Each structure stands twice: as structure tokens, then as C-alpha cells.
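Listing of work_9.txt; format and content: compact mmCIF, C-alpha atoms.
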```txt
# COMPACT_ATOMS: atom_id res chain seq x y z
CA MET A 1 -2.24 -22.48 -13.47
CA ALA A 2 -0.09 -19.38 -13.62
CA ASP A 3 3.54 -19.86 -14.61
CA GLU A 4 6.07 -19.40 -11.87
CA VAL A 5 9.26 -17.99 -13.31
CA VAL A 6 12.38 -17.18 -11.31
CA LEU A 7 15.72 -15.96 -12.67
CA LEU A 8 18.90 -16.43 -10.64
CA ASP A 9 21.26 -13.78 -11.92
CA THR A 10 23.88 -11.16 -11.10
CA PHE A 11 23.61 -7.54 -12.19
CA PHE A 12 26.87 -7.45 -14.15
CA SER A 13 26.50 -10.71 -16.07
CA MET A 14 26.12 -10.33 -19.83
CA PHE A 15 24.78 -13.88 -19.75
CA GLY A 16 22.09 -13.08 -17.20
CA MET A 17 21.11 -10.01 -19.21
CA ARG A 18 20.30 -12.26 -22.17
CA ALA A 19 17.71 -14.09 -20.11
CA ARG A 20 16.29 -10.77 -18.89
CA ILE A 21 15.94 -9.49 -22.46
CA ALA A 22 14.28 -12.68 -23.71
CA LEU A 23 11.76 -12.62 -20.86
CA ALA A 24 11.09 -8.93 -21.47
CA GLU A 25 10.64 -9.52 -25.23
CA LYS A 26 8.01 -12.13 -24.45
CA GLY A 27 6.37 -10.03 -21.74
CA VAL A 28 6.88 -12.77 -19.15
CA GLU A 29 6.62 -11.77 -15.51
CA TYR A 30 9.24 -13.24 -13.28
CA GLU A 31 11.02 -12.93 -9.99
CA HIS A 32 14.60 -11.74 -10.30
CA LYS A 33 16.96 -13.05 -7.61
CA GLU A 34 20.34 -11.38 -7.34
CA GLU A 35 23.08 -13.88 -6.48
CA ASN A 36 26.34 -13.08 -4.76
CA VAL A 37 28.83 -15.16 -6.76
CA GLU A 38 31.18 -15.21 -3.82
CA ASP A 39 28.48 -16.62 -1.53
CA LYS A 40 26.22 -18.71 -3.70
CA SER A 41 22.74 -19.42 -2.42
CA ALA A 42 21.56 -22.90 -1.53
CA LEU A 43 18.98 -22.51 -4.27
CA LEU A 44 21.61 -21.84 -6.95
CA LEU A 45 23.70 -24.81 -5.84
CA GLU A 46 20.61 -27.01 -5.91
CA MET A 47 19.39 -25.75 -9.29
CA ASN A 48 22.76 -25.79 -11.05
CA PRO A 49 24.86 -28.38 -9.21
CA VAL A 50 26.98 -29.10 -12.29
CA HIS A 51 28.33 -25.62 -13.02
CA LYS A 52 27.10 -23.63 -9.99
CA LYS A 53 26.74 -20.59 -12.24
CA ILE A 54 24.15 -18.00 -13.11
CA PRO A 55 21.94 -17.43 -14.97
CA VAL A 56 19.51 -20.16 -14.04
CA LEU A 57 15.88 -19.92 -15.14
CA ILE A 58 13.53 -21.79 -12.86
CA HIS A 59 10.20 -22.45 -14.55
CA ASN A 60 7.58 -24.03 -12.33
CA GLY A 61 10.35 -25.38 -10.14
CA LYS A 62 12.46 -26.86 -12.96
CA PRO A 63 15.87 -25.36 -13.75
CA ILE A 64 17.28 -24.44 -17.15
CA CYS A 65 20.96 -23.45 -17.27
CA GLU A 66 23.34 -21.81 -19.77
CA SER A 67 22.19 -18.48 -21.18
CA LEU A 68 21.76 -19.40 -24.85
CA ILE A 69 19.90 -22.57 -23.86
CA ILE A 70 17.69 -20.45 -21.58
CA VAL A 71 16.95 -18.01 -24.41
CA GLN A 72 16.00 -20.84 -26.78
CA TYR A 73 13.81 -22.38 -24.07
CA ILE A 74 12.02 -19.06 -23.50
CA ASP A 75 11.55 -18.71 -27.26
CA GLU A 76 10.06 -22.20 -27.54
CA VAL A 77 7.76 -22.02 -24.50
CA TRP A 78 6.42 -18.52 -25.10
CA LYS A 79 6.30 -19.02 -28.82
CA ASP A 80 3.31 -16.89 -29.71
CA ASN A 81 4.97 -13.50 -29.55
CA SER A 82 8.24 -11.91 -30.59
CA PRO A 83 9.91 -15.02 -32.04
CA LEU A 84 13.66 -14.81 -31.49
CA LEU A 85 14.84 -17.69 -33.65
CA PRO A 86 13.80 -17.84 -37.30
CA SER A 87 11.60 -20.72 -38.40
CA ASP A 88 13.82 -21.65 -41.35
CA PRO A 89 16.39 -24.29 -40.29
CA TYR A 90 19.24 -22.71 -42.27
CA LEU A 91 18.64 -19.25 -40.82
CA LYS A 92 18.31 -20.84 -37.38
CA ALA A 93 21.69 -22.51 -37.86
CA ARG A 94 23.23 -19.15 -38.86
CA ALA A 95 21.75 -17.45 -35.79
CA ARG A 96 23.11 -20.20 -33.54
CA PHE A 97 26.50 -20.00 -35.25
CA TRP A 98 26.91 -16.29 -34.56
CA ALA A 99 25.67 -16.58 -30.98
CA ASP A 100 28.24 -19.35 -30.46
CA PHE A 101 30.88 -17.12 -32.08
CA VAL A 102 30.10 -14.35 -29.60
CA ASP A 103 30.70 -16.71 -26.70
CA LYS A 104 33.83 -18.23 -28.19
CA LYS A 105 35.57 -15.07 -29.39
CA VAL A 106 34.07 -11.92 -27.91
CA TYR A 107 33.85 -13.27 -24.36
CA ASP A 108 37.38 -14.60 -24.31
CA ALA A 109 39.00 -11.48 -25.75
CA GLY A 110 36.82 -9.25 -23.59
CA SER A 111 37.86 -11.08 -20.43
CA ARG A 112 41.49 -10.67 -21.36
CA LEU A 113 40.95 -6.95 -21.86
CA TRP A 114 40.41 -6.38 -18.15
CA THR A 115 42.53 -9.16 -16.68
CA THR A 116 45.82 -8.67 -18.53
CA LYS A 117 48.31 -5.95 -19.34
CA GLY A 118 51.21 -5.17 -21.65
CA ASP A 119 51.57 -7.44 -24.69
CA GLU A 120 48.74 -9.71 -23.59
CA LEU A 121 46.42 -6.73 -23.37
CA GLU A 122 47.42 -5.56 -26.85
CA ARG A 123 46.71 -9.01 -28.22
CA ALA A 124 43.34 -9.06 -26.46
CA LYS A 125 42.48 -5.72 -28.02
CA LYS A 126 43.39 -6.95 -31.48
CA ASP A 127 41.36 -10.16 -31.04
CA PHE A 128 38.39 -8.27 -29.61
CA ILE A 129 38.24 -5.74 -32.44
CA GLU A 130 38.70 -8.50 -35.02
CA ALA A 131 35.76 -10.42 -33.54
CA LEU A 132 33.54 -7.33 -33.54
CA LYS A 133 34.47 -6.55 -37.14
CA LEU A 134 33.41 -10.05 -38.21
CA LEU A 135 30.10 -9.55 -36.46
CA GLU A 136 29.70 -6.12 -38.03
CA ALA A 137 30.30 -7.69 -41.44
CA ASP A 138 27.60 -10.30 -40.80
CA LEU A 139 25.18 -7.55 -39.73
CA GLY A 140 25.84 -5.79 -43.03
CA GLU A 141 22.99 -3.45 -43.97
CA LYS A 142 20.41 -5.30 -41.89
CA GLN A 143 18.57 -3.53 -39.08
CA TYR A 144 19.30 -6.37 -36.73
CA PHE A 145 21.25 -9.62 -36.87
CA GLY A 146 17.79 -11.20 -37.07
CA GLY A 147 16.98 -9.15 -40.19
CA GLU A 148 13.98 -6.82 -39.91
CA ASN A 149 13.32 -8.02 -36.38
CA PHE A 150 15.38 -8.24 -33.23
CA GLY A 151 16.37 -11.89 -32.82
CA PHE A 152 18.57 -14.51 -31.22
CA GLY A 153 21.88 -13.16 -32.52
CA ASP A 154 20.93 -9.68 -31.31
CA VAL A 155 20.10 -10.98 -27.82
CA ALA A 156 23.39 -12.88 -27.70
CA LEU A 157 25.56 -9.86 -28.52
CA ILE A 158 23.76 -6.74 -27.28
CA THR A 159 24.38 -7.61 -23.63
CA TYR A 160 28.13 -7.28 -24.21
CA SER A 161 27.56 -3.62 -25.11
CA SER A 162 27.06 -2.90 -21.40
CA TRP A 163 30.65 -4.04 -20.99
CA PHE A 164 32.06 -1.92 -23.84
CA TYR A 165 32.83 1.02 -21.55
CA SER A 166 34.87 -1.32 -19.31
CA TYR A 167 36.67 -2.94 -22.24
CA GLU A 168 37.39 0.44 -23.87
CA THR A 169 38.66 1.99 -20.68
CA CYS A 170 40.88 -0.94 -19.73
CA GLY A 171 42.13 -1.37 -23.28
CA ASN A 172 42.30 2.32 -24.16
CA PHE A 173 40.39 2.15 -27.44
CA SER A 174 37.01 3.02 -28.88
CA VAL A 175 34.59 0.47 -30.30
CA GLU A 176 32.87 3.22 -32.31
CA GLU A 177 36.10 4.11 -34.04
CA HIS A 178 36.65 0.57 -35.28
CA CYS A 179 33.03 -0.56 -35.71
CA PRO A 180 30.78 2.44 -36.33
CA LYS A 181 27.98 0.37 -37.89
CA LEU A 182 27.95 -1.95 -34.92
CA MET A 183 27.57 1.04 -32.59
CA GLU A 184 24.63 2.21 -34.68
CA TRP A 185 23.11 -1.22 -34.16
CA VAL A 186 23.74 -0.91 -30.41
CA LYS A 187 21.90 2.43 -30.32
CA ARG A 188 19.06 0.95 -32.36
CA CYS A 189 18.70 -1.94 -29.92
CA MET A 190 18.83 0.39 -26.92
CA GLU A 191 15.70 2.10 -28.25
CA LYS A 192 13.84 -1.11 -27.45
CA GLU A 193 12.48 -1.12 -23.92
CA SER A 194 13.22 -4.82 -23.48
CA VAL A 195 16.88 -4.03 -24.04
CA SER A 196 17.28 -0.73 -22.22
CA LYS A 197 15.59 -2.04 -19.09
CA SER A 198 17.56 -5.31 -19.12
CA LEU A 199 21.08 -3.99 -19.56
CA THR A 200 23.06 -2.86 -16.55
CA ASP A 201 24.53 0.65 -16.42
CA PRO A 202 28.01 0.43 -17.98
CA LYS A 203 29.50 2.58 -15.22
CA LYS A 204 28.24 0.17 -12.54
CA ILE A 205 29.87 -2.68 -14.43
CA TYR A 206 33.13 -0.75 -14.61
CA ASP A 207 33.03 -0.15 -10.84
CA SER A 208 32.54 -3.87 -10.21
CA ILE A 209 35.49 -4.63 -12.53
CA LEU A 210 37.70 -2.22 -10.61
CA PHE A 211 36.69 -4.03 -7.46
CA PHE A 212 37.53 -7.45 -8.94
CA LYS A 213 40.78 -6.18 -10.40
CA LYS A 214 41.84 -4.93 -7.00
CA LYS A 215 40.65 -8.02 -5.19
CA TYR A 216 42.38 -10.47 -7.51
CA GLY A 217 45.45 -8.34 -8.09
CA VAL A 218 44.92 -7.78 -11.79
CA GLU A 219 46.01 -4.18 -12.01
CA MET B 1 15.76 -31.54 -57.29
CA ALA B 2 17.82 -33.96 -55.25
CA ASP B 3 19.34 -32.49 -52.13
CA GLY B 4 23.08 -31.99 -52.48
CA VAL B 5 24.69 -32.82 -49.18
CA VAL B 6 28.45 -32.61 -48.68
CA LEU B 7 30.34 -33.08 -45.43
CA LEU B 8 33.82 -31.60 -45.01
CA ASP B 9 35.42 -33.63 -42.27
CA THR B 10 38.48 -35.45 -41.00
CA TYR B 11 38.50 -39.12 -40.13
CA PHE B 12 39.56 -38.78 -36.50
CA SER B 13 37.41 -35.79 -35.45
CA MET B 14 34.84 -36.57 -32.76
CA PHE B 15 33.02 -33.50 -34.01
CA GLY B 16 32.89 -34.69 -37.61
CA MET B 17 31.70 -38.10 -36.42
CA ARG B 18 28.65 -36.44 -34.89
CA ALA B 19 27.59 -35.11 -38.28
CA ARG B 20 28.24 -38.52 -39.91
CA LEU B 21 26.18 -40.16 -37.21
CA ALA B 22 23.24 -37.76 -37.55
CA LEU B 23 23.21 -38.18 -41.35
CA ALA B 24 23.31 -41.96 -40.94
CA GLU B 25 20.47 -41.89 -38.41
CA LYS B 26 18.34 -40.01 -40.92
CA GLY B 27 19.40 -42.24 -43.82
CA ILE B 28 20.74 -39.32 -45.86
CA ASP B 29 23.06 -39.86 -48.80
CA TYR B 30 25.94 -37.45 -48.85
CA GLU B 31 29.38 -36.87 -50.27
CA TYR B 32 32.15 -37.18 -47.70
CA LYS B 33 35.25 -35.06 -48.26
CA GLU B 34 38.30 -35.75 -46.14
CA GLU B 35 40.18 -32.57 -45.30
CA ASN B 36 43.89 -32.30 -44.59
CA LEU B 37 44.08 -29.85 -41.70
CA GLY B 38 47.67 -29.09 -42.56
CA ASP B 39 46.57 -28.00 -46.04
CA LYS B 40 42.97 -26.83 -45.93
CA SER B 41 41.00 -26.92 -49.16
CA PRO B 42 39.66 -23.74 -50.83
CA VAL B 43 36.15 -25.14 -50.28
CA LEU B 44 36.70 -25.35 -46.54
CA LEU B 45 38.17 -21.85 -46.37
CA GLU B 46 35.27 -20.52 -48.43
CA MET B 47 32.57 -22.37 -46.51
CA ASN B 48 33.95 -21.69 -43.03
CA PRO B 49 35.96 -18.49 -43.34
CA VAL B 50 35.39 -17.56 -39.70
CA HIS B 51 36.82 -20.64 -37.97
CA LYS B 52 38.36 -22.55 -40.91
CA LYS B 53 37.46 -25.79 -39.13
CA ILE B 54 35.67 -29.02 -39.85
CA PRO B 55 33.05 -30.33 -39.81
CA VAL B 56 31.13 -28.23 -42.32
CA LEU B 57 27.87 -29.50 -43.74
CA ILE B 58 27.13 -28.04 -47.17
CA HIS B 59 23.46 -28.43 -48.06
CA ASN B 60 22.48 -27.27 -51.52
CA GLY B 61 25.59 -25.11 -51.57
CA LYS B 62 24.96 -23.44 -48.20
CA PRO B 63 27.31 -24.12 -45.28
CA VAL B 64 26.39 -25.05 -41.73
CA CYS B 65 29.25 -25.01 -39.21
CA GLU B 66 29.86 -26.23 -35.63
CA SER B 67 29.01 -29.88 -34.98
CA LEU B 68 26.12 -29.46 -32.52
CA ILE B 69 24.58 -26.80 -34.74
CA ILE B 70 24.97 -29.18 -37.71
CA VAL B 71 23.26 -32.00 -35.80
CA GLN B 72 20.34 -29.75 -34.85
CA TYR B 73 20.08 -28.57 -38.45
CA ILE B 74 20.00 -32.15 -39.73
CA ASP B 75 17.36 -32.99 -37.13
CA GLU B 76 15.20 -30.04 -38.17
CA VAL B 77 15.48 -30.46 -41.94
CA TRP B 78 15.01 -34.23 -42.03
CA LYS B 79 12.45 -34.20 -39.28
CA ASP B 80 10.29 -37.11 -40.32
CA ASN B 81 12.49 -39.93 -39.09
CA SER B 82 14.62 -40.72 -36.07
CA PRO B 83 14.10 -37.44 -34.17
CA LEU B 84 17.22 -36.63 -32.17
CA LEU B 85 15.94 -33.75 -30.04
CA PRO B 86 12.81 -34.23 -27.92
CA SER B 87 9.73 -32.19 -28.76
CA ASP B 88 9.19 -30.94 -25.21
CA PRO B 89 11.02 -27.60 -24.63
CA TYR B 90 12.24 -28.57 -21.15
CA GLN B 91 13.62 -31.92 -22.34
CA ARG B 92 15.24 -30.11 -25.27
CA ALA B 93 16.90 -27.66 -22.90
CA GLN B 94 18.24 -30.54 -20.82
CA ALA B 95 19.58 -32.29 -23.93
CA ARG B 96 21.30 -29.09 -25.09
CA PHE B 97 22.73 -28.60 -21.59
CA TRP B 98 24.39 -32.01 -21.51
CA ALA B 99 25.71 -31.76 -25.07
CA ASP B 100 27.21 -28.39 -24.10
CA PHE B 101 28.66 -30.03 -20.96
CA VAL B 102 30.39 -32.64 -23.11
CA ASP B 103 32.08 -29.94 -25.15
CA LYS B 104 32.99 -27.80 -22.15
CA LYS B 105 34.32 -30.51 -19.84
CA VAL B 106 35.00 -33.78 -21.64
CA TYR B 107 36.76 -32.21 -24.62
CA ASP B 108 39.04 -30.02 -22.55
CA ALA B 109 40.09 -32.71 -20.08
CA GLY B 110 40.44 -35.24 -22.89
CA ARG B 111 42.76 -32.97 -24.79
CA ARG B 112 44.91 -32.41 -21.75
CA LEU B 113 45.19 -36.20 -21.36
CA TRP B 114 47.35 -36.48 -24.47
CA THR B 115 49.05 -33.09 -24.48
CA THR B 116 50.37 -32.92 -20.92
CA LYS B 117 52.36 -34.97 -18.44
CA GLY B 118 53.19 -35.22 -14.75
CA ASP B 119 50.89 -33.26 -12.43
CA GLU B 120 48.96 -31.68 -15.27
CA LEU B 121 48.18 -35.12 -16.66
CA GLU B 122 46.99 -36.32 -13.27
CA THR B 123 44.70 -33.29 -13.00
CA ALA B 124 43.40 -33.98 -16.50
CA LYS B 125 42.64 -37.58 -15.56
CA LYS B 126 40.77 -36.51 -12.46
CA ASP B 127 38.76 -33.91 -14.40
CA PHE B 128 38.01 -36.35 -17.22
CA ILE B 129 36.75 -39.09 -14.92
CA GLU B 130 34.71 -36.57 -12.93
CA ALA B 131 33.03 -35.35 -16.10
CA LEU B 132 32.24 -38.88 -17.24
CA LYS B 133 30.84 -39.76 -13.83
CA LEU B 134 28.45 -36.79 -14.00
CA LEU B 135 27.31 -37.97 -17.41
CA GLU B 136 26.93 -41.53 -16.14
CA ALA B 137 24.76 -40.22 -13.30
CA GLU B 138 22.64 -38.32 -15.79
CA LEU B 139 22.21 -41.48 -17.89
CA GLY B 140 21.00 -43.34 -14.81
CA GLU B 141 18.98 -46.43 -15.70
CA LYS B 142 17.95 -45.19 -19.13
CA PRO B 143 19.12 -47.16 -22.17
CA TYR B 144 20.15 -43.91 -23.84
CA PHE B 145 20.59 -40.29 -22.77
CA GLY B 146 17.58 -39.65 -24.99
CA GLY B 147 15.53 -42.13 -22.95
CA GLU B 148 14.12 -45.07 -24.86
CA ASN B 149 15.59 -43.74 -28.07
CA PHE B 150 19.04 -42.68 -29.17
CA GLY B 151 19.11 -38.88 -29.15
CA PHE B 152 21.05 -35.63 -29.23
CA VAL B 153 23.22 -36.20 -26.15
CA ASP B 154 23.99 -39.74 -27.28
CA VAL B 155 25.23 -38.32 -30.58
CA ALA B 156 27.22 -35.65 -28.75
CA LEU B 157 29.04 -38.06 -26.44
CA ILE B 158 29.33 -41.42 -28.24
CA THR B 159 31.86 -40.03 -30.72
CA TYR B 160 34.28 -39.42 -27.85
CA SER B 161 34.26 -43.17 -27.17
CA SER B 162 36.45 -43.64 -30.24
CA TRP B 163 39.03 -41.56 -28.36
CA PHE B 164 38.77 -43.53 -25.09
CA TYR B 165 41.56 -45.93 -26.05
CA THR B 166 43.85 -42.95 -26.66
CA TYR B 167 42.86 -41.20 -23.45
CA GLU B 168 43.21 -44.41 -21.40
CA THR B 169 46.58 -45.27 -22.87
CA CYS B 170 48.02 -41.77 -22.44
CA GLY B 171 46.54 -41.38 -18.98
CA ASN B 172 47.07 -44.97 -17.84
CA PHE B 173 43.55 -45.63 -16.60
CA SER B 174 40.41 -47.48 -17.59
CA VAL B 175 37.10 -45.79 -18.30
CA GLU B 176 35.28 -49.08 -17.62
CA GLU B 177 36.74 -49.28 -14.15
CA HIS B 178 35.42 -45.85 -13.19
CA CYS B 179 32.25 -45.74 -15.25
CA PRO B 180 31.01 -49.27 -15.96
CA LYS B 181 27.45 -48.19 -16.76
CA LEU B 182 28.73 -45.66 -19.26
CA MET B 183 30.73 -48.38 -21.02
CA GLU B 184 27.57 -50.51 -21.17
CA TRP B 185 25.91 -47.56 -22.86
CA VAL B 186 28.84 -47.30 -25.31
CA LYS B 187 28.45 -50.99 -26.22
CA ARG B 188 24.70 -50.53 -26.61
CA CYS B 189 25.23 -47.60 -28.98
CA MET B 190 27.85 -49.49 -30.98
CA GLU B 191 25.18 -52.09 -31.79
CA LYS B 192 23.51 -49.43 -33.90
CA GLU B 193 24.78 -49.46 -37.45
CA SER B 194 24.65 -45.67 -37.70
CA VAL B 195 27.12 -45.50 -34.82
CA SER B 196 29.47 -48.34 -35.70
CA LYS B 197 29.88 -47.12 -39.26
CA SER B 198 30.39 -43.47 -38.26
CA LEU B 199 33.02 -43.86 -35.57
CA ALA B 200 36.69 -44.01 -36.41
CA ASP B 201 38.80 -46.98 -35.35
CA PRO B 202 40.24 -46.22 -31.89
CA LYS B 203 43.63 -47.70 -32.80
CA LYS B 204 43.90 -45.48 -35.86
CA ILE B 205 43.10 -42.46 -33.69
CA TYR B 206 45.83 -43.50 -31.25
CA ASP B 207 48.38 -43.80 -34.07
CA PHE B 208 47.38 -40.35 -35.26
CA VAL B 209 47.75 -38.92 -31.74
CA LEU B 210 51.23 -40.49 -31.41
CA PHE B 211 52.13 -38.72 -34.65
CA LEU B 212 50.80 -35.41 -33.30
CA LYS B 213 52.58 -35.87 -29.98
CA LYS B 214 55.86 -36.38 -31.79
CA LYS B 215 55.24 -33.51 -34.17
CA HIS B 216 54.32 -31.01 -31.48
CA GLY B 217 56.65 -32.29 -28.84
CA PHE B 218 54.06 -33.50 -26.34
CA GLU B 219 56.15 -36.35 -25.08
```
How does the structure come out when it is put into C-alpha cells?
Amino acid sequence: MADEVVLLDTFFSMFGMRARIALAEKGVEYEHKEENVEDKSALLLEMNPVHKKIPVLIHNGKPICESLIIVQYIDEVWKDNSPLLPSDPYLKARARFWADFVDKKVYDAGSRLWTTKGDELERAKKDFIEALKLLEADLGEKQYFGGENFGFGDVALITYSSWFYSYETCGNFSVEEHCPKLMEWVKRCMEKESVSKSLTDPKKIYDSILFFKKKYGVE
Amino acid sequence: MADGVVLLDTYFSMFGMRARLALAEKGIDYEYKEENLGDKSPVLLEMNPVHKKIPVLIHNGKPVCESLIIVQYIDEVWKDNSPLLPSDPYQRAQARFWADFVDKKVYDAGRRLWTTKGDELETAKKDFIEALKLLEAELGEKPYFGGENFGFVDVALITYSSWFYTYETCGNFSVEEHCPKLMEWVKRCMEKESVSKSLADPKKIYDFVLFLKKKHGFE
């Protein structure tokens, strides 16, 4: 029986992009359904009644929620190609640690970069750059966070790069200036088709931010 | 060579208790080191330079941080007894989802129960009970969240039960009244030696919280 795979997503979500990349890495065909977060579909509410958020992966009718959980699921089900998590438990734990760090630190500071101003914005900028520097240090001289191969940590972070233009513009700074090695890593990842076709155009993201800023009065 | 296992922890941490519990489930001997969060040890700062938090599991000199990552690591390394995560990828994704839910919703509302008052406290109570009810619904008629056997979500949530007395006293409510089936589950878990010996005494936690409330002015 052929697998039926559906992804409930929104174009600007760095979380949804992770699922897209993982599916692309594994060469899994799926149906992409764009959600309107201001008018959530009955399907989304049924498949993720607890959080009512995207992304949701629906595999043969059964939902999997939370982007990093989705990526691990994809890695475990379609395990015969492009493994994303290492097999060694210690390296797996490290990969999970850094992915968790991205969601704890990068997401929070990034959100504050486009929703605050003045002193709060300056603090957000400082926190954001600090978080990226820690990640850059963990990358070190490796090609990818996963080592020789693109892996879980890479999937977790690369999707935020589509938001860098928005963060930089709102915060008036340059990621490249502070984290040149990380930007090299971004360019390296973008050479992969699974990445370049999964990430949304940074300018489109910026336009949607401007729209949200106006709508919610965060200017 | 014997495995060297060290756990950096604090007595009252529901996160540290998870690691204790997982180690006990697997029958692993380890050295427990109580940290003073007001005066963190050089080992802690060296082993968790990013977050500087407990718990940290140090296995043969290498650190693993973040409680749910530690529990998964323990489950993967000592895989021959008492498996905590299911082998089926979908069941694993569901287990990870609910453990993540505990940390997103129960922790946050629980914390607000002893750090706020007035309207904020009432909101915290409502959120806390709502979160527990969702978990109770997920438990359903199963003896454990893991089904027939104690598993990952059980580990993730049972440690919070040591904080119930504190939450109930600060918030002036009873968990049993709102979630009787969940309290039955708590009692069932407490019959397991791995649980009863890993959880801190609820009264001691309450005394500690009173100390913190006074110290930080949450009164």
C-alpha cells in the first residue's frame, strides 16, 4: 500500500520548513496543504486539537505534531536513506541538545527582534547574536552540524536562515558580520536541493512580517 | 571498564528526578552530586556551559544535558531492560509529544501557581488544571501513559506529582478533585520502587518554595 503523506503548514513557518526539508531529504512524496493561521481548517483542528498549530504531518491518516518530533519520526520511518540523526546515542543526544537550544534561544530572541523596539530590541539583538555565536562555535570546522553529512541539527537551524533578512532588517545588523562561519554554513546548505526548495524566499517572509507588524500594532 | 555515571542534580528539581527515575528503572549505579544553584560547581559550569543548569548526566566523562534528552539517552544506552520509549515510530512520536506538552504547559502554569497572586494566580490555576485534564484524557483507561508498562511520558509527568502539594497549597485547590483518574495513576506509579525512591518529599519541596517566595518576594 502506498504511503499517504500530508503536511499541514504555512509558507513562512521555520518549523514547517523543517518538515519539508526532512521529507525532501528522504525523497518522500507528499501533499502540502497551506493553512491560514487566522482561519484554521477543520482538518488542522482535528489533527492537532491540543495546540492547534502547524506543522502537522499526517501519515496514513495519523497525525504527528511538533516540528522536531516530526523530523525524528520521518527519520525513523524512512530510515534507509539520508539518516538525519546519528546512530551513536551520545551524538544523538548532542544533536537533540542543539536543536532544543535553537528553539529555546534563537526562536525567542528572533521573535523579539521583530515585535519590540528601543531597549527591548537592543537586548533581543544581543541575545540573538549570542545564541548564533554559540551555535557557530559548536559547528567549528565541521561541514555541517551533523559532521560530514547534513543532519538533525542542520535541519533544525537552517530554516531560521530564511528569517535572517527579516531579523537583520528589523534589528539593523548583519548576521554575516558577527557569524561569518555560520553564513558559510548557510550557503553550503543552500546548495542542497532539499534545502533550497524547502525554504521560503526571505523577502516574502519580510513582507508577511510587515503585514503582522501593522496588523498587531508592533511598529 | 566499568561505566562511570554521575548525575549533577538538585533534590527538588522535577527535571533531575526524571533522570534519577530513568537510572533506577534501568538499575544503573551512579554517583549523585547535589548542586547548590546559588553557588554552581566548576563541574556543572564545565559540563553545561551553555545553560548552566541541572540535571546533567556525565557518562564516562561526557555530559548529556536537558532532562528529556537525558532520559532518551539512558533508554538508548541501557536498552536491554525496561524500555521507556516504544519501538514503533508513531507511538514514539506520541510519547515525545506528550512529554513536550508537560514541559510546555504543566511547567509554566505550575510555576505561575507559586510565583503569582490574585488574577494571575487564578489564571494559572485554570491553565494548570486544563493541562492536567488533557493528560488525564490521554491516559484514558490505560494503567500507564506507556500502556501496560511504565514509559517515557510517565517518567516525564510523575516527577511533577512531588510538586502537587506545593501547587495545591499555593493555589488553594485539589488535583484529586479535578483529576481523580490522574491521582490514581500517581498512586500506581508510586508503588514502583524506582519512582518512590526518586521523588523528593512533597513537604520538603513546599518548605523550599516558601523559602524562595520569601527570598524573591513572591508573597
Need to verify the contact set: Asp103 of chain A, 12 Å, only C-alpha atoms, exclusion of same-chain residues closer than 3 positions in sequence. Can you return it as a PyMOL selection string?
chain A and resi 14-15+66-68+96-100+106-111+128+131-132+153+156-157+159-160
With all atoms listed in the file considered, list every residue of chain B at most 7 Å from chain A, as a PDB file with C-alpha atoms, in the frame of the given file.
```
ATOM      1  CA  VAL B  64      26.390 -25.050 -41.730  1.00  0.00           C
ATOM      2  CA  CYS B  65      29.250 -25.010 -39.210  1.00  0.00           C
ATOM      3  CA  ILE B  69      24.580 -26.800 -34.740  1.00  0.00           C
ATOM      4  CA  TYR B  73      20.080 -28.570 -38.450  1.00  0.00           C
ATOM      5  CA  GLU B  76      15.200 -30.040 -38.170  1.00  0.00           C
ATOM      6  CA  VAL B  77      15.480 -30.460 -41.940  1.00  0.00           C
ATOM      7  CA  PRO B  89      11.020 -27.600 -24.630  1.00  0.00           C
ATOM      8  CA  ALA B  93      16.900 -27.660 -22.900  1.00  0.00           C
ATOM      9  CA  ARG B  96      21.300 -29.090 -25.090  1.00  0.00           C
ATOM     10  CA  PHE B  97      22.730 -28.600 -21.590  1.00  0.00           C
TER      11      PHE B  97
END
```
Write out as a PyMOL selection string the residues lying within 12 Å of Val37 of chain A, counting all atoms listed in the file and excluding same-chain residues fewer than 4 positions away.
chain A and resi 8-13+41-42+44-45+52-55+212
Output C-alpha atoms for every residue in the selection just made, as a compact mmCIF listing (two decimals), in the coordinates of the input.
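The resulting out-v2.txt:
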```txt
# COMPACT_ATOMS: atom_id res chain seq x y z
CA LEU A 8 18.90 -16.43 -10.64
CA ASP A 9 21.26 -13.78 -11.92
CA THR A 10 23.88 -11.16 -11.10
CA PHE A 11 23.61 -7.54 -12.19
CA PHE A 12 26.87 -7.45 -14.15
CA SER A 13 26.50 -10.71 -16.07
CA SER A 41 22.74 -19.42 -2.42
CA ALA A 42 21.56 -22.90 -1.53
CA LEU A 44 21.61 -21.84 -6.95
CA LEU A 45 23.70 -24.81 -5.84
CA LYS A 52 27.10 -23.63 -9.99
CA LYS A 53 26.74 -20.59 -12.24
CA ILE A 54 24.15 -18.00 -13.11
CA PRO A 55 21.94 -17.43 -14.97
CA PHE A 212 37.53 -7.45 -8.94
```
Mind giving me the straight-line distance from atom CA of Lys33 of chain B to atom CA of Asp9 of chain B in Å, one decimal?
6.2 Å
Leaving out Ile21 of chain A and any residue of its chain fewer than 3 positions from it, which residues lie within 12 Å of it when counting only C-alpha atoms, given as a PyMOL selection string?
chain A and resi 7+14-18+24-30+67-68+70-71+74-75+82+84+150-152+154-159+189-190+192-200
Find the residue from B:Tyr160, B:Tyr32, B:Trp78, B:Tyr144 that sits nearest to Cys189 of chain B; use all atoms listed in the file when measuring.
B:Tyr144
Kindly give the distance, in Å, that separates atom CA of Thr115 of chain B and atom CA of Asp103 of chain B, rounded to a single decimal.
17.3 Å
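Interatomic distance, atom CA of Leu199 of chain B against atom CA of Thr159 of chain B: 6.3 Å.
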Considering all atoms listed in the file, state which residue in the set B:Phe101, B:Phe128, B:Phe208, B:Phe15 is at the smallest distance from His178 of chain B.
B:Phe128
